[in-house]
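The structure appears below as structure tokens.
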Amino acid sequence: YIMFSRQLSQLQAVWTWTMRADVSLYPATGFHCRTFCSSTTTSESDPIEIYKRKLFLWFSHLPREEKQFGGYFSPETMHVDPLILERKAEETGGLLSSLLQTQIPSSPSVTVEQLFEPTDAGNEGRGLNVLLYGSVGTGKSTMVRKLVLDWCSGTTLTHFKLLVPFSCEDLSQMSKVASLRDLVGRKYLHLRKHPLLSGEGNQARDVLFLFNGMEKMNLDFHIGSTELCSDPNEALPPNVVVVNLLRKYLLPEASILVTTRMSALDRIPQKYVSRYAQIFGFNDPDRQRAYFTSRLLQQSRESAQYHEAQALIELLYLNLRRESQLAAACFLPSYCWLTCATLHFLHFTDANAPIRTLTGIHTSFLRLNFGGEVLGTGTGTNVPIQEHQSSLMLYIVRTVGKLAFDGVTYKRTSFSEKELEQWIGGKTKTDEELRQLVMFRTDVLDFFLAPCVESGKNLPEALNEGDQRRYVFTVPAMQEYLAALYVVLGENKSALEKLTSQVSVAIGQASEDVNALINIFSKLIPLRIFAIFNLLKLFPKLYEKISSYNKGSIARKMAAELFRTEDSYNEDVLDQMEQSLLGVHGPQPKQYSEDKPFELYPIFMGGLLHYGNRVLLQQVGCSIQSTTVAQITHVLRKYLVRELSKPQPPEELMDLLLLLFEFQNPRLTAEVVATIRAIPLANIRMTSLKCFILSSVLSCTPASYHLEKLDLSSCLLTNDMLQLLRPAFRHARNINLQFNSLGPESCVVLRDLLLDPTSCIRSLQLCDNPLLDAGVSTLLEALPANESLTHLSLMHTGLGDQMALELAESLQKNTGLQELNVAYNNIGDSAALALVDACREHPNIHTVHLYLNPLSDVGKQSLYVRGVPKSQGGSGRRVKVLASVTEGSEISEDWHPILSVIRQNASSWDRQRLKQQLKIFLRDLESGRQQQHFWKRLPFRRVEKGVRQTLQMLEKADPPTGHSK
């Protein structure tokens with residue numbers, strides 16, 4: 001494995017192929033199941049066959065971003081052909097001035113193989129030059145990769161004996177001159193001195209050169225600038241070699257495929273291009289669905305997640321078919337990748353896999369698309385690109401990021417064409433800036449912004465009349481991510497900080513000169529003037545104070561955005577993310593609303609401070625300094641602690657947990673969580689991811705930290721989620737798991753948890769879960785050894801008489817329990833009496849809940865009048881038994897809690913059974929009231945009134961047919 005990794009690193013050192021997010025990436029493991037068009041004996045010695053195997057292995061390399069999908073994909077299952085249309089030369093004109101290309105000609109799609117079919121007899125003997133162009137994210141690199149792999153395996157372009165791919169980025173970085181044969185031999189050792197590249201005869205007709213990313217090179221076709229060359233052995237600059245190949249002066253019989261962005265189309269004169277083709281990505285929902293199926297379904301075909309993946313794909317397809325904004329985003333294969341990565345993160349959490357975050361996914365997405373990309377000069381200039389390089393990603397942040405920040409600040413998600421002009425290019429001054437703007441608008445702008453597909457449906461009439469077309473970010477999360485990046489990078493500096501920064505840098509660069517001047521002038525000039533020089537020396541410290549205040553304002557902004565009062569009743573961020581991808585099923589909103597909550601924005605700001613994301617951002621030219629992170633973190637901790645001193649809704653608390661998870665800072669997390677005593681997440685729709693986040697956050701705390709209460713009631717928990725929650729449970733004293741439909745298998749996790757010596761659980765509420773006798777039997781195995789549990793609620797869990805007897809037997813070996821709730825089960829008189837006897841023998845149990853069980857009047861009476869414990873060693877105390885609103889002829893002290901429990905659960909419990917029990921309560925009250933004197937009957941009337949009101953509430957809630965829920 002080490003040798004293989006070393007060889008792979010050497011290959012990458014020779015030639016770094018530009019990776020893109022829209023690339024279908026295939027693992028090296030797929031190499032072994034592919035066949036090549038040659039016999040075994042020939043392939044061992046034929047240099048082309050050796051070259052094919054090496055090239056296949058090379059192009060099958062899998063970067064770490066793809067490993068989140070499993071890492072076992074083959075080219076056959078992972079590739080979906082994008083739409084490719086052949087275009088005429090005159091159709092390529094005017095592209096540079098277009099904004100947000102949206103129109104697709106209705107022509108039949110072509111394949112790359114069809115593009116190399118002979119055109120006319122006039123070009124006989126000459127190879128074809130095919131120029132394939134498209135904007136960022138349309139699938140150019142995907143197509144290149146698949147083309148090379150298919151040629152290696154003999155499934156396409158088989159009439160070419162040799163296919164030689166080059167990265168134009170690599171060629172543009174070469175400073176030494178080299179001949180064509182040296183270029184090929186340097187990249188591909190086995191092709192050195194191959195006769196197909198000798199230039200003799202017409203052997204070159206069997207060769208196809210592939211130049212990927214031609215916009216990275218500065219090609220000049222002027223004879224005065226680029227000399228002619230027809231000798232493959234003559235050493236020339238790489239750009240001169242490429243120009244002569246395209247001129248057909250060097251190896252005229254060879255064919256050439258060039259891929260480039262739209263802004264670089266006119267760098268090759270039309271007379272040197274045989275065919276133009278434009279790649280458009282996925283133009284219909286069926287292509288998009290095929291991509292999602294290959295990504296989400298293949299990796300889970302053999303697992304229990306297969307059906308969940310199928311359901312996800314169906315929901316995605318429905319959302320695409322309704323012409324949603326997602327369908328417009330998935331027009332670009334890159335956004336299909338981002339959609340799959342996000343859904344994989346949301347739904348297929350694996351505790352054993354490397355940690356992934358939402359911020360990390362979006363950062364990786366941008367790195368794969370813009371890593372190493374620079375914004376050079378525009379078309380029609382002779383200035384070398386390298387002389388005017390600036391990070392394309394940084395340019396994106398300062399333009400599109402500024403637009404995103406303005407939208408987040410003023411709660412706006414859509415923008416007019418006039419606003420785009422203002423934000424994207426309104427302040428350009430020089431010719432160079434204008435050229436960069438043209439390139440950016442042509443190649444990159446429609447990667448981030450797309451027409452609002454619902455502009456004609458939900459926008460108010462006033463907006464429609466004044467501005468028909470509006471634009472939104474391709475995916476909603478991208479607006480919040482770019483706005484967060486804009487803030488964290490400090491691009492929204494105040495005028496004072498910009499000024500002090502400039503002065504501080506100037507003084508820092510000339511610090512030695514300043515010191516020398518002070519030493520000289522201190523002897524010659526008055527003291528007052530000398531003080532001015534000292535002030536200048538101190539100015540950098542003043543800048544540091546202002547800068548530190550600015551970082552503090554970023555932290556305050558994060559906390560303020562996270563705990564916005566008006567957003568408190570929105571769904572948590574992860575649910576909002578899922579809805580944006582899968583759509584909202586049910587009644588669609590009729591009113592257009594720009595007041596969208598941007599709750600992901602502060603979470604992205606926290607995630608961008610994580611070291612791993614900062615490393616990725618550094619690779620795209622966006623640097624976040626460690627001092628900046630330290631300053632923001634210091635202030636953020638203080639504000640988070642202050643906000644957490646106030647009660648937070650469950651949704652806001654879930655968002656806070658997500659922020660801490662995205663931050664990936666254990667020390668900060670421990671300090672913030674240490675101030676939390678309860679985590680109430682009732683009614684939050686928990687998923688495997690949310691459970692993993694909760695456990696990860698609590699795992700940052702020391703073993704001595706304990707939560708007083710962890711409320712996970714009505715959270716749709718499953719057995720698999722309980723497994724993920726075990727680290728969180730170890731820190732909780734009171735755990736509420738009611739209303740979660742947990743079955744018998746879940747009790748295995750709970751039993752092991754109670755047997756864990758590190759757990760400190762005092763109260764465990766399992767009511768309204770179908771544990772049944774099998775589950776409770778498993779749970780009881782932990783009672784003899786557990787010493788921490790004091791309150792156990794098994795209300796409405798399906799217990800029967802047999803399990804009640806087993807419970808009574810288990811209590812003899814337990815000493816810690818104080819309260820036992822087995823109400824609303826199927827426990828009869830004899831089992832209830834045995835259980836109460838066991839509780840009276842128990843040293844600590846003081847209360848037993850038995851109401852809503854099928855107990856007879858005689859049985860209930862026996863429960864109340866049962867004497868002291870049978871054994872002589874018993875405590876002799878009486879245990880409170882709650883079996884009805886009465887205790888014999890007296891009113892129970894706990895009648896009100898019993899009625900409250902019934903009212904709270906009336907919507908989910910069997911109404912017929914509840915009404916029957918309430919009628920039994922009325923009968924018990926009537927019987928007890930008749931046995932009392934007149935002045936003692938008033939309390940009975942008051943309780944009876946409460947029971948009748950509860951009964952009326954149940955009857956009103958019944959459906960018209962009279963059937964219970």
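We label chains A, B, ... in the order they appear in the structure tokens, count residues from 1 in each chain, and number ligands from 1 in the order shown.
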As a PyMOL selection string, please: every residue in range 56-243 of chain A that DSSP puts in alpha helix (DSSP H).
chain A and resi 56-59+75-78+112-115+140-152+168-173+180-187+238-243
If you run DSSP on this backbone, which residues of range 631-861 of chain A come out as strand (DSSP E), and could you give them as a ChimeraX atom specification?
/A:678-680,709-711,734-736,763-765,791-793,819-821,847-849
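For the set A:Val112, A:Leu820, A:Leu343, A:Val673, the residue with the smallest atom-to-atom gap to Leu644 in chain A is A:Val673, counting only C-alpha atoms.
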Need to verify the contact set: Arg145 in chain A, 7 Å, only C-alpha atoms, exclusion of same-chain residues closer than 4 positions in sequence. Can you return it as a short mmCIF file (atom, residue, chain, number, x, y, z; two decimals) with N, CA and C atoms, in the first residue's frame?
data_model
loop_
_atom_site.label_atom_id
_atom_site.label_comp_id
_atom_site.auth_asym_id
_atom_site.auth_seq_id
_atom_site.Cartn_x
_atom_site.Cartn_y
_atom_site.Cartn_z
N PHE A 59 -6.14 8.24 -14.13
CA PHE A 59 -7.42 8.95 -14.19
C PHE A 59 -8.47 8.33 -13.27
N SER A 141 -14.67 18.71 -17.42
CA SER A 141 -13.67 17.80 -16.87
C SER A 141 -14.24 16.40 -16.66
N LEU A 149 -10.90 7.31 -19.81
CA LEU A 149 -11.11 5.98 -19.25
C LEU A 149 -11.74 5.03 -20.27
#
Got a sec: who's within 8 Å of range 807-819 of chain A, counting only C-alpha atoms, leaving out chain neighbours fewer than 5 positions off, as a ChimeraX atom specification?
/A:780,783-792,834-836,838-839,841-848
Contact residues around range 639-642 of chain A with only C-alpha atoms at 7 Å, ignoring same-chain residues under 2 positions, as a VMD selection string
chain A and resid 556 559 635 to 637 644 to 645 672 675
Residue neighbourhood range 483-486 of chain A, 12 Å, only C-alpha atoms, exclusion window fewer than 4 positions, as a PyMOL selection string
chain A and resi 359+362-363+366+393-409+413+473+476-479+490-493+554-555+557-558+561+598-609+613-614+617+622-624
